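J.: Input my_file.txt, format and content: compact mmCIF, C-alpha atoms and all ligand atoms.
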# COMPACT_ATOMS: atom_id res chain seq x y z
CA MET L 1 -134.30 -36.27 9.70
CA ASN L 2 -134.01 -39.46 7.73
CA GLU L 3 -132.86 -42.23 10.01
CA ALA L 4 -130.61 -43.62 7.34
CA LEU L 5 -128.49 -40.47 7.33
CA SER L 6 -127.89 -40.06 11.03
CA SER L 7 -124.83 -40.28 13.15
CA ALA L 8 -124.56 -42.91 15.84
CA ARG L 9 -124.74 -40.19 18.47
CA GLN L 10 -128.06 -38.84 17.08
CA LEU L 11 -129.52 -42.35 17.21
CA GLY L 12 -128.34 -42.82 20.80
CA LEU L 13 -125.79 -45.40 19.65
CA VAL L 14 -122.11 -45.62 20.37
CA SER L 15 -119.41 -47.19 18.26
CA CYS L 16 -116.63 -49.01 20.11
CA HIS L 17 -113.27 -47.39 19.43
CA ASP L 18 -111.49 -50.75 19.41
CA CYS L 19 -113.87 -53.29 17.84
CA HIS L 20 -116.33 -50.92 16.08
CA LEU L 21 -119.39 -52.67 17.48
CA LEU L 22 -122.43 -50.40 17.50
CA SER L 23 -124.33 -50.57 20.74
CA ARG L 24 -127.01 -48.56 22.47
CA MET L 25 -125.67 -45.92 24.85
CA PRO L 26 -127.41 -46.37 28.19
CA LYS L 27 -129.20 -43.23 29.34
CA VAL L 28 -127.45 -42.61 32.61
CA THR L 29 -126.52 -39.42 34.36
CA GLY L 30 -123.10 -38.52 35.66
CA HIS L 31 -120.00 -40.06 34.16
CA PRO L 32 -120.20 -43.79 34.66
CA VAL L 33 -117.83 -46.05 32.81
CA VAL L 34 -119.72 -47.89 30.08
CA SER L 35 -117.95 -50.82 28.49
CA CYS L 36 -118.40 -52.47 25.12
CA PRO L 37 -120.52 -55.65 25.29
CA ARG L 38 -118.25 -57.38 22.79
CA CYS L 39 -114.65 -56.45 23.65
CA GLY L 40 -115.01 -54.81 27.05
CA GLY L 41 -113.31 -51.59 25.95
CA VAL L 42 -114.47 -48.34 27.52
CA LEU L 43 -117.14 -46.70 25.35
CA HIS L 44 -117.21 -43.00 24.56
CA GLN L 45 -119.41 -41.35 21.97
CA ARG L 46 -116.55 -38.89 21.45
CA LYS L 47 -112.98 -39.14 22.69
CA PRO L 48 -113.08 -37.66 26.22
CA ASN L 49 -111.81 -34.07 26.56
CA SER L 50 -110.58 -34.30 23.00
CA ILE L 51 -110.24 -30.56 22.39
CA MET L 52 -108.50 -29.67 25.65
CA ARG L 53 -106.14 -32.64 25.48
CA THR L 54 -105.22 -31.90 21.89
CA TRP L 55 -104.61 -28.22 22.68
CA ALA L 56 -102.39 -29.11 25.63
CA LEU L 57 -100.36 -31.57 23.57
CA VAL L 58 -100.04 -29.25 20.57
CA LEU L 59 -98.80 -26.39 22.77
CA THR L 60 -96.33 -28.68 24.56
CA GLY L 61 -95.10 -29.94 21.20
CA MET L 62 -94.62 -26.36 20.00
CA ILE L 63 -92.57 -25.51 23.08
CA PHE L 64 -90.32 -28.53 22.44
CA TYR L 65 -90.02 -27.57 18.77
CA VAL L 66 -87.88 -24.54 19.72
CA PRO L 67 -84.97 -26.27 21.53
CA ALA L 68 -85.22 -29.14 19.02
CA ASN L 69 -84.31 -26.70 16.26
CA VAL L 70 -82.04 -24.26 18.07
CA LEU L 71 -79.82 -26.65 20.05
CA PRO L 72 -77.28 -28.97 18.40
CA MET L 73 -78.54 -32.34 17.20
CA THR L 74 -75.08 -33.89 16.82
CA ILE L 75 -71.67 -33.00 18.22
CA THR L 76 -68.80 -34.29 16.10
CA SER L 77 -65.35 -34.30 17.59
CA ALA L 78 -62.25 -35.02 15.54
CA ILE L 79 -58.63 -34.49 16.64
CA GLY L 80 -58.67 -31.24 18.58
CA SER L 81 -61.86 -29.76 17.18
CA THR L 82 -65.52 -30.15 17.90
CA GLN L 83 -68.42 -29.19 15.70
CA ALA L 84 -72.03 -28.84 16.80
CA ASP L 85 -74.73 -29.28 14.17
CA THR L 86 -78.36 -28.27 14.41
CA ILE L 87 -81.01 -29.82 12.16
CA MET L 88 -80.82 -26.82 9.82
CA SER L 89 -77.02 -26.84 9.61
CA GLY L 90 -77.27 -30.54 8.72
CA VAL L 91 -79.66 -29.64 5.90
CA ILE L 92 -77.26 -26.94 4.67
CA TYR L 93 -74.35 -29.41 4.85
CA PHE L 94 -76.17 -31.82 2.52
CA MET L 95 -77.07 -28.98 0.14
CA HIS L 96 -73.45 -27.86 -0.16
CA HIS L 97 -72.26 -31.41 -0.71
CA GLY L 98 -74.53 -31.98 -3.66
CA SER L 99 -77.09 -34.21 -1.97
CA TRP L 100 -80.02 -31.85 -2.32
CA GLU L 101 -82.48 -34.79 -2.30
CA ILE L 102 -81.31 -35.77 1.18
CA ALA L 103 -81.38 -32.12 2.27
CA LEU L 104 -84.97 -31.93 1.07
CA VAL L 105 -85.98 -35.16 2.85
CA ILE L 106 -84.49 -34.00 6.17
CA PHE L 107 -85.91 -30.49 5.84
CA THR L 108 -89.38 -31.84 5.03
CA ALA L 109 -89.44 -34.53 7.72
CA SER L 110 -87.76 -32.62 10.54
CA ILE L 111 -88.73 -28.98 10.07
CA PHE L 112 -91.64 -28.66 7.66
CA VAL L 113 -93.87 -31.61 8.67
CA PRO L 114 -93.92 -30.80 12.43
CA PHE L 115 -94.64 -27.14 11.62
CA LEU L 116 -97.43 -28.13 9.22
CA LYS L 117 -98.85 -30.47 11.84
CA PHE L 118 -99.08 -27.66 14.40
CA VAL L 119 -100.79 -25.38 11.87
CA ILE L 120 -103.30 -28.03 10.75
CA LEU L 121 -104.15 -29.22 14.26
CA ILE L 122 -104.66 -25.65 15.51
CA TYR L 123 -106.83 -24.90 12.47
CA LEU L 124 -108.91 -28.05 13.10
CA LEU L 125 -109.25 -27.25 16.81
CA LEU L 126 -110.37 -23.68 16.14
CA SER L 127 -112.76 -24.74 13.36
CA VAL L 128 -114.39 -27.22 15.75
CA GLN L 129 -114.50 -24.73 18.62
CA PHE L 130 -116.11 -22.07 16.42
CA LYS L 131 -118.53 -24.72 15.10
CA SER L 132 -117.51 -24.17 11.49
CA ILE L 133 -119.65 -25.96 8.91
CA LYS L 134 -117.34 -25.24 5.99
CA ARG L 135 -115.80 -28.08 3.96
CA PRO L 136 -116.00 -30.85 6.56
CA LYS L 137 -114.81 -33.46 4.07
CA ASP L 138 -111.65 -31.50 3.31
CA ARG L 139 -111.00 -30.98 7.01
CA THR L 140 -111.38 -34.72 7.63
CA LEU L 141 -108.88 -35.35 4.82
CA LEU L 142 -106.46 -32.85 6.40
CA TYR L 143 -106.79 -34.74 9.67
CA ARG L 144 -106.10 -38.08 7.97
CA ILE L 145 -102.94 -36.68 6.35
CA THR L 146 -101.74 -35.17 9.64
CA GLU L 147 -102.23 -38.45 11.43
CA ALA L 148 -100.38 -40.42 8.75
CA VAL L 149 -97.28 -38.31 8.08
CA GLY L 150 -96.31 -37.33 11.64
CA ARG L 151 -94.29 -40.49 12.33
CA TRP L 152 -91.87 -39.78 9.48
CA SER L 153 -90.41 -36.87 11.42
CA MET L 154 -88.59 -39.43 13.55
CA VAL L 155 -86.16 -40.14 10.67
CA ASP L 156 -83.50 -37.63 11.77
CA ILE L 157 -83.31 -39.24 15.22
CA TYR L 158 -82.62 -42.59 13.57
CA VAL L 159 -79.89 -41.05 11.41
CA VAL L 160 -78.22 -39.75 14.57
CA THR L 161 -78.42 -43.13 16.31
CA ILE L 162 -76.94 -44.93 13.28
CA LEU L 163 -74.10 -42.41 13.03
CA ILE L 164 -73.33 -42.89 16.73
CA ALA L 165 -73.23 -46.67 16.28
CA LEU L 166 -70.95 -46.58 13.22
CA VAL L 167 -68.57 -43.73 13.93
CA LYS L 168 -66.59 -44.52 17.00
CA LEU L 169 -63.15 -43.94 18.45
CA GLY L 170 -61.47 -46.10 15.83
CA PHE L 171 -62.04 -43.42 13.24
CA LEU L 172 -60.32 -40.60 15.12
CA ALA L 173 -63.69 -39.00 15.13
CA ASN L 174 -66.61 -39.35 17.47
CA ILE L 175 -70.23 -38.42 17.05
CA GLU L 176 -72.46 -37.75 20.02
CA ALA L 177 -76.13 -36.88 20.16
CA GLY L 178 -76.66 -33.24 21.10
CA PRO L 179 -79.26 -31.95 23.56
CA ALA L 180 -81.73 -31.29 20.72
CA ALA L 181 -82.15 -35.04 20.07
CA ILE L 182 -84.22 -35.65 23.21
CA TYR L 183 -86.37 -32.54 22.66
CA PHE L 184 -86.88 -33.54 19.05
CA ALA L 185 -87.87 -37.15 19.82
CA ALA L 186 -90.26 -35.93 22.54
CA MET L 187 -91.75 -33.36 20.16
CA VAL L 188 -92.48 -36.02 17.52
CA ALA L 189 -94.02 -38.40 20.09
CA ILE L 190 -96.14 -35.63 21.64
CA THR L 191 -97.49 -34.44 18.28
CA MET L 192 -98.32 -38.04 17.36
CA ILE L 193 -100.34 -38.36 20.57
CA ALA L 194 -101.91 -34.95 19.87
CA ALA L 195 -103.16 -36.09 16.46
CA GLU L 196 -104.44 -39.32 18.00
CA SER L 197 -106.35 -37.48 20.74
CA PHE L 198 -108.22 -35.25 18.28
CA ASP L 199 -111.63 -36.69 17.41
CA PRO L 200 -112.49 -36.05 13.71
CA ARG L 201 -116.16 -36.75 14.44
CA LEU L 202 -116.29 -33.36 16.17
CA ILE L 203 -115.88 -31.78 12.71
CA TRP L 204 -119.20 -33.32 11.65
CA ASP L 205 -121.07 -32.63 14.89
CA ALA L 206 -121.37 -28.92 14.06
CA LEU L 207 -123.15 -29.81 10.80
CA GLU L 208 -125.65 -32.01 12.57
CA GLU L 209 -126.36 -29.34 15.16
CA GLN L 210 -127.12 -26.94 12.27
CA HIS L 211 -129.74 -29.30 10.86
CA GLU L 212 -131.48 -29.94 14.14
CA MET B 213 -107.09 -44.83 -5.76
CA GLU B 214 -108.91 -47.96 -4.81
CA MET B 215 -112.41 -48.86 -5.81
CA CYS B 216 -114.96 -48.02 -3.20
CA ALA B 217 -118.46 -49.33 -3.47
CA GLN B 218 -120.81 -47.13 -1.54
CA PRO B 219 -123.04 -49.14 0.74
CA PRO B 220 -126.78 -48.63 0.32
CA LEU B 221 -128.26 -46.59 3.11
CA ASP B 222 -131.81 -47.85 3.19
CA GLY B 223 -133.19 -50.92 4.86
CA ALA B 224 -131.36 -53.02 7.38
CA LYS B 225 -131.95 -56.65 6.56
CA LYS B 226 -130.74 -59.55 8.65
CA THR B 227 -127.78 -60.13 6.36
CA MET B 228 -126.57 -56.60 6.82
CA HIS B 229 -124.56 -55.31 9.69
CA GLN B 230 -124.57 -51.80 11.00
CA ILE B 231 -121.39 -49.85 11.44
CA ALA B 232 -120.66 -46.24 12.34
CA CYS B 233 -117.94 -44.41 10.43
CA HIS B 234 -115.01 -43.98 12.82
CA GLU B 235 -114.17 -40.63 11.29
CA CYS B 236 -117.59 -38.93 11.01
CA ASP B 237 -119.91 -41.21 13.03
CA LEU B 238 -122.45 -41.71 10.20
CA VAL B 239 -124.31 -45.02 10.60
CA HIS B 240 -124.30 -47.36 7.58
CA SER B 241 -125.90 -50.72 6.91
CA ILE B 242 -123.43 -52.87 5.08
CA PRO B 243 -124.68 -55.71 2.87
CA PRO B 244 -122.54 -58.80 2.21
CA MET B 245 -119.66 -57.51 0.15
CA PRO B 246 -117.98 -59.16 -2.82
CA THR B 247 -114.46 -60.45 -2.24
CA ARG B 248 -111.81 -57.78 -1.78
CA ALA B 249 -114.38 -54.99 -2.11
CA ALA B 250 -114.34 -52.10 0.30
CA ALA B 251 -117.27 -50.13 1.61
CA CYS B 252 -116.63 -46.43 2.05
CA CYS B 253 -118.45 -43.82 4.07
CA VAL B 254 -120.91 -41.90 1.89
CA ARG B 255 -120.22 -38.71 3.80
CA CYS B 256 -116.47 -38.51 4.43
CA GLY B 257 -115.05 -41.29 2.27
CA ALA B 258 -113.31 -43.25 5.03
CA VAL B 259 -113.03 -47.01 4.46
CA LEU B 260 -115.65 -48.62 6.68
CA PHE B 261 -115.14 -52.25 5.97
CA ARG B 262 -113.22 -54.43 3.57
CA ASN B 263 -113.93 -58.00 2.61
CA LYS B 264 -110.65 -59.89 3.00
CA PRO B 265 -110.56 -63.47 1.73
CA ASP B 266 -108.58 -66.19 3.55
CA SER B 267 -107.67 -63.70 6.25
CA ILE B 268 -106.55 -66.32 8.77
CA ASP B 269 -104.28 -68.31 6.45
CA ARG B 270 -102.77 -65.27 4.77
CA THR B 271 -102.12 -63.46 8.05
CA LEU B 272 -100.47 -66.54 9.56
CA ALA B 273 -98.32 -67.19 6.49
CA TRP B 274 -97.01 -63.61 6.28
CA THR B 275 -96.48 -63.40 10.04
CA ILE B 276 -94.41 -66.60 10.15
CA ALA B 277 -92.34 -65.40 7.20
CA GLY B 278 -91.93 -62.13 9.06
CA LEU B 279 -90.66 -63.85 12.20
CA VAL B 280 -87.99 -65.69 10.21
CA LEU B 281 -86.81 -62.44 8.62
CA TYR B 282 -86.93 -60.79 12.04
CA CYS B 283 -84.53 -63.34 13.52
CA VAL B 284 -82.10 -62.70 10.67
CA ALA B 285 -82.46 -58.92 10.99
CA VAL B 286 -81.77 -58.94 14.71
CA THR B 287 -78.87 -61.38 14.85
CA PHE B 288 -76.83 -60.83 11.68
CA PRO B 289 -74.48 -57.87 11.07
CA PHE B 290 -76.38 -54.82 9.95
CA LEU B 291 -73.87 -52.40 8.50
CA ALA B 292 -70.10 -52.47 8.20
CA MET B 293 -68.00 -49.38 7.71
CA LYS B 294 -64.55 -49.67 6.14
CA SER B 295 -62.01 -46.89 6.31
CA GLY B 296 -58.47 -47.99 5.47
CA SER B 297 -57.72 -51.01 7.60
CA ILE B 298 -60.37 -50.29 10.18
CA VAL B 299 -63.66 -52.13 9.93
CA GLN B 300 -66.52 -51.14 12.21
CA LYS B 301 -69.48 -53.49 12.34
CA THR B 302 -72.83 -52.95 13.92
CA SER B 303 -75.98 -54.98 14.35
CA LEU B 304 -79.40 -53.74 15.38
CA LEU B 305 -78.91 -54.86 18.98
CA SER B 306 -75.27 -53.77 19.30
CA GLY B 307 -76.32 -50.35 17.99
CA VAL B 308 -78.81 -50.08 20.83
CA ARG B 309 -76.14 -51.25 23.31
CA ASN B 310 -73.72 -48.62 21.97
CA LEU B 311 -76.27 -45.90 22.55
CA TYR B 312 -76.87 -47.15 26.07
CA GLN B 313 -73.14 -47.28 26.84
CA GLN B 314 -72.73 -43.71 25.65
CA ASP B 315 -75.42 -42.56 28.08
CA GLU B 316 -78.00 -42.00 25.38
CA THR B 317 -80.46 -44.09 27.36
CA ILE B 318 -83.59 -42.42 26.00
CA LEU B 319 -82.49 -42.81 22.38
CA ALA B 320 -81.55 -46.44 23.09
CA ILE B 321 -85.02 -47.12 24.48
CA LEU B 322 -86.63 -45.31 21.55
CA VAL B 323 -84.85 -47.44 18.94
CA LEU B 324 -85.35 -50.61 20.97
CA LEU B 325 -89.10 -49.98 21.23
CA THR B 326 -89.99 -48.60 17.80
CA CYS B 327 -87.74 -50.79 15.61
CA ILE B 328 -87.18 -53.99 17.59
CA LEU B 329 -89.77 -54.66 20.31
CA ILE B 330 -92.98 -53.24 18.84
CA PRO B 331 -92.64 -55.08 15.48
CA LEU B 332 -92.06 -58.26 17.52
CA ILE B 333 -95.11 -57.52 19.70
CA GLN B 334 -97.17 -57.05 16.52
CA MET B 335 -96.11 -60.43 15.11
CA LEU B 336 -96.46 -62.34 18.39
CA GLY B 337 -99.83 -60.69 18.96
CA LEU B 338 -101.03 -61.82 15.54
CA LEU B 339 -99.83 -65.40 16.14
CA TYR B 340 -101.45 -65.45 19.58
CA VAL B 341 -104.82 -64.44 18.13
CA PHE B 342 -104.71 -66.24 14.77
CA ILE B 343 -103.24 -69.67 15.64
CA PRO B 344 -106.14 -70.50 18.02
CA MET B 345 -108.62 -69.27 15.39
CA LYS B 346 -107.03 -71.47 12.75
CA LEU B 347 -106.98 -74.55 14.98
CA ASN B 348 -110.34 -73.81 16.60
CA PHE B 349 -109.39 -73.58 20.21
CA ARG B 350 -109.63 -70.76 22.71
CA VAL B 351 -106.98 -68.90 24.60
CA LYS B 352 -107.26 -66.47 27.46
CA TYR B 353 -106.43 -62.82 26.88
CA ALA B 354 -106.94 -62.96 23.09
CA VAL B 355 -109.04 -59.78 23.35
CA PRO B 356 -106.38 -57.68 25.13
CA ALA B 357 -103.72 -59.16 22.81
CA PHE B 358 -105.60 -58.04 19.72
CA ARG B 359 -106.36 -54.66 21.27
CA LEU B 360 -102.64 -54.22 21.97
CA PHE B 361 -101.83 -55.18 18.37
CA GLN B 362 -104.19 -52.46 17.15
CA HIS B 363 -102.86 -49.80 19.48
CA VAL B 364 -99.09 -50.21 18.93
CA LYS B 365 -99.35 -49.91 15.15
CA PRO B 366 -98.39 -46.21 14.74
CA TRP B 367 -95.33 -46.79 16.96
CA SER B 368 -93.82 -49.47 14.73
CA MET B 369 -91.32 -47.45 12.72
CA MET B 370 -89.13 -49.87 10.78
CA GLU B 371 -89.70 -48.17 7.43
CA ILE B 372 -88.64 -44.84 8.90
CA TYR B 373 -85.51 -46.44 10.35
CA MET B 374 -84.74 -47.82 6.87
CA LEU B 375 -84.90 -44.30 5.44
CA GLY B 376 -82.57 -43.24 8.26
CA ILE B 377 -80.10 -45.95 7.18
CA LEU B 378 -80.11 -44.65 3.60
CA ILE B 379 -79.46 -41.08 4.76
CA ALA B 380 -76.68 -42.18 7.13
CA MET B 381 -75.05 -44.15 4.29
CA VAL B 382 -74.98 -41.07 2.09
CA LYS B 383 -73.60 -38.98 4.95
CA LEU B 384 -70.79 -41.40 5.82
CA GLY B 385 -70.17 -42.46 2.23
CA LYS B 386 -67.88 -39.45 1.81
CA MET B 387 -65.36 -40.64 4.40
CA ALA B 388 -65.70 -44.41 4.39
CA THR B 389 -67.18 -47.35 2.51
CA ILE B 390 -70.45 -48.60 3.94
CA VAL B 391 -71.24 -52.25 3.31
CA PRO B 392 -74.84 -53.25 4.02
CA GLY B 393 -75.06 -56.61 5.80
CA LEU B 394 -77.49 -59.48 5.45
CA ALA B 395 -79.57 -58.05 8.28
CA VAL B 396 -80.37 -54.88 6.32
CA ILE B 397 -81.82 -56.94 3.47
CA ALA B 398 -83.87 -59.02 5.92
CA PHE B 399 -84.98 -55.84 7.66
CA GLY B 400 -86.02 -54.26 4.35
CA LEU B 401 -88.02 -57.36 3.37
CA LEU B 402 -89.55 -57.54 6.83
CA ILE B 403 -91.05 -54.08 6.35
CA PHE B 404 -93.03 -55.36 3.36
CA VAL B 405 -93.86 -58.77 4.83
CA LEU B 406 -95.15 -57.33 8.12
CA ASN B 407 -97.16 -54.82 6.14
CA PHE B 408 -98.73 -57.67 4.10
CA ALA B 409 -99.51 -59.54 7.33
CA ILE B 410 -101.25 -56.50 8.83
CA THR B 411 -103.16 -55.81 5.61
CA ALA B 412 -104.39 -59.42 5.54
CA VAL B 413 -105.98 -59.04 8.98
CA ASP B 414 -109.76 -58.87 8.74
CA THR B 415 -110.40 -56.83 11.87
CA HIS B 416 -114.15 -57.18 11.62
CA MET B 417 -113.98 -60.98 11.39
CA VAL B 418 -111.50 -61.19 14.29
CA TRP B 419 -113.72 -59.18 16.63
CA GLU B 420 -116.81 -61.20 15.63
CA ARG B 421 -114.95 -64.43 16.40
CA LEU B 422 -113.50 -63.13 19.66
CA GLY B 423 -116.88 -61.68 20.62
CA SER B 424 -118.78 -64.93 20.03
CA GLU B 425 -116.28 -66.86 22.17
CA SER B 426 -116.77 -64.90 25.35
ZN ZN X 501 -117.44 -41.04 7.52
Could you quickly redo this structure as structure tokens?
Ligand SMILES: [Zn+2]

T.:
Amino acid sequence: MNEALSSARQLGLVSCHDCHLLSRMPKVTGHPVVSCPRCGGVLHQRKPNSIMRTWALVLTGMIFYVPANVLPMTITSAIGSTQADTIMSGVIYFMHHGSWEIALVIFTASIFVPFLKFVILIYLLLSVQFKSIKRPKDRTLLYRITEAVGRWSMVDIYVVTILIALVKLGFLANIEAGPAAIYFAAMVAITMIAAESFDPRLIWDALEEQHE
Amino acid sequence: MEMCAQPPLDGAKKTMHQIACHECDLVHSIPPMPTRAAACCVRCGAVLFRNKPDSIDRTLAWTIAGLVLYCVAVTFPFLAMKSGSIVQKTSLLSGVRNLYQQDETILAILVLLTCILIPLIQMLGLLYVFIPMKLNFRVKYAVPAFRLFQHVKPWSMMEIYMLGILIAMVKLGKMATIVPGLAVIAFGLLIFVLNFAITAVDTHMVWERLGSES
């Protein structure tokens, strides 16, 4: 194979995850810790245990997704009555009050994006595990999108915290965060770490193994 | 879409430096690039390297502007809510304290970290690395400081908080008047200014400088 079109791993090189310096991977057996000669960061040719870690985090995130959507996100109490709202009932509230744009933003960020992230990450994991060689460029793009949009799911949590800060006893109404808030925040954080722990270079490794 | 010059693959001369794509691991030799040009991976299209002019000065200027805005955003009133004769004011920090007092400790920590502390860590980290580079002296722990700056980036969520403010204003707008305070404007500007500061950072240059010092 042409040396110019080789991956660092094929050439016995390793790229530092932090400072991107290319250095030669020492040929040692076992699992010693090799550090980058420039920045001292720990070197790995691929993120360690990437597939298993990502699976574990995706599954945990999916478990948290259930209470995050089923339990109430906010509990509003006005004189004598309390009302519990889930994420979906919040979306429906905005739809009925004419703010369909806001309904769409909350639905997309809180319900659709996390769901899409689970689907994409599971698809990427399976495609890597089955050594798929189909459309690696598109799969890398899918990964990039997943990594970039996940944070935006946090928006509903911020809405809840701002409502709590502004609506207090003085208004004869009180808003509290419901039990779903913690599950939801944890779910967003866990899926962010899941996307981060997936190594997109694994997508391309299957192609190189085909050529060898 | 931005312009992406594809780096030539053949021949590694002295003036070139080798870099592996962080998304597909393909090794490229990158020649000296024209100002503001980006080199993209020939296989997956990821940006490998970008030539950023005046990185040190621009990063420092935007970061200092950001710190000024940050002080305003943290100390001044954020939002005020008027309903009849009752006025309820909140600032970024008092909002966090409210959450804490209502036993929403985890949410309080979440807002404190993602919208207040991590943006500050980013700016202080940049100053800690870039001021010594500008004035040509060395500091200890510049490497871990810059590494920290790189790693906290996805957890800085000011722009998402801003979207949350807009949604909360619409939600409460039905029952009360919401008056945005000076801090919201500073906060909104800070999102852009911090983003400019981070974009001005020439990561490659920083690591070369930090690497040659040790
Ligand atoms: Zn690539």

J.: Write out as a PyMOL selection string each polymer residue (protein, DNA or RNA) that has an atom no more than 6 Å from ligand ZN 501 (chain X), with only C-alpha atoms and all ligand atoms counted.

T.: chain B and resi 233+235-236+238+253+255-258

J.: What is the distance between CA of Gly385 (chain B) and CA of Ile318 (chain B), in Å to one decimal?

T.: 27.3 Å

J.: Might you pull out every residue within 12 Å of region 363-368 of chain B, with all atoms listed in the file counted and same-chain residues fewer than 3 positions away left off, and present them as a PyMOL selection string?

T.: (chain L and resi 17-19+147-152+154+188-189+192-193+195-196) or (chain B and resi 322-335+337+356-360+371-373+403+406-407+410-411)

J.: Given a cut-off of 7 Å, which residues of chain L touch chain B, counting only C-alpha atoms, written out as a list in words?

T.: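 Within 7 Å of chain B on chain L, we get Ala4, Leu5, Ser6, Ser7, Ala8, Ser15, Asp18, Cys19, His20, Leu21, Leu22, Arg38, Cys39, Ile102, Lys137, Trp152, Val155, Asp156, Tyr158, Val159, Ile162, Leu163, Ala165, Leu166, Pro200, Arg201 and Trp204 of chain L.
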
J.: Mind checking which residues fall within 9 Å of Arg46 (chain L), counting only C-alpha atoms, ignoring those fewer than 5 positions away in the same chain, and posting them as a list in words?

T.: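 Residues near the query, excluding close chain neighbours: Arg9, Val14, Asp199, Arg201 and Leu202 of chain L.
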
J.: Just checking: using all atoms listed in the file, which residue out of B:Tyr282, B:Phe288, B:Tyr312, B:Tyr340 ends up closest to Ile268 (chain B)?

T.: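 Ranking B:Tyr282, B:Phe288, B:Tyr312, B:Tyr340 by distance to Ile268 (chain B), first place goes to B:Tyr340.
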
J.: So which one's closest to Lys131 (chain L), L:Ile157, L:Ile87, L:Ile203, L:Ile63? Using all atoms listed in the file, please.

T.: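 The answer is L:Ile203, which sits nearest to Lys131 (chain L).
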
J.: My list of candidates is L:Ser99, L:Ala206, L:Leu104, L:Met88. Which is closest to Pro136 (chain L) when distances are computed with all atoms listed in the file?

T.: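 Ranked by minimum distance to Pro136 (chain L), first place goes to L:Ala206.
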
J.: Any idea what's packed within 8 Å of region 67-82 of chain L, counting all atoms listed in the file, ignoring anything in its chain fewer than 2 positions away? Could you give it as a list in words?

T.: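 Counting only the stated atoms, we get Ile63, Phe64, Tyr65, Ala84, Asp85, Thr86, Ile87, Met88, Ile111, Val160, Leu172, Ala173, Asn174, Ile175, Glu176, Ala177, Gly178, Pro179, Ala180, Ala181, Ile182, Tyr183, Phe184 and Met187 of chain L.
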
J.: Using all atoms listed in the file, which of the listed residues (L:Ser89, L:Leu59, L:Ile164, L:His96) sits closest to Phe118 (chain L)?

T.: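 Among L:Ser89, L:Leu59, L:Ile164, L:His96, it is L:Leu59 that comes nearest to Phe118 (chain L).
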
J.: Closest to Lys47 (chain L) among L:Met62, L:Phe198, L:Glu208, L:Ala103, using only C-alpha atoms?

T.: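 For Lys47 (chain L), the nearest of the given residues is L:Phe198.
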
J.: What does the distance from CA of Phe404 (chain B) to CA of Glu101 (chain L) come to in Å, to one decimal?

T.: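 Answer for the CA of Phe404 (chain B) to CA of Glu101 (chain L) separation: 23.8 Å.
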
J.: Could you pull the residues within 7 Å of Trp274 (chain B), counting all atoms listed in the file, minus those fewer than 5 positions along the same chain, as a ChimeraX atom specification?

T.: /B:405-406,408-409

J.: Which of these residues is nearest to Arg24 (chain L), using only C-alpha atoms: L:Thr54, L:Ser110, L:Thr146, L:Gln45?

T.: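 The shortest atom-to-atom distance to Arg24 (chain L) comes from L:Gln45.
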
J.: Using Å and a single decimal, report how far CA of Thr161 (chain L) sits from CA of Phe399 (chain B).

T.: 16.7 Å

J.: Take the point (-84.0, -63.2, 12.9) in the file's coordinates, draw a sphere of radius 12 Å around it, and report as a list in words every protein, DNA or RNA residue with an atom inside or on it, counting all atoms listed in the file.

T.: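 The residues that fall inside the cut-off are Ile276, Ala277, Gly278, Leu279, Val280, Leu281, Tyr282, Cys283, Val284, Ala285, Val286, Thr287, Phe288, Pro289, Phe290, Ser303, Leu304, Leu305, Ile328, Leu332, Leu394, Ala395, Val396, Ile397, Ala398, Phe399, Leu401 and Leu402 of chain B.
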
J.: Neighbours of Lys264 (chain B) within 12 Å (only C-alpha atoms; same-chain residues fewer than 3 positions away dropped), as an NGL selection string?

T.: :B and (244-251 or 261 or 267-271 or 409-418)
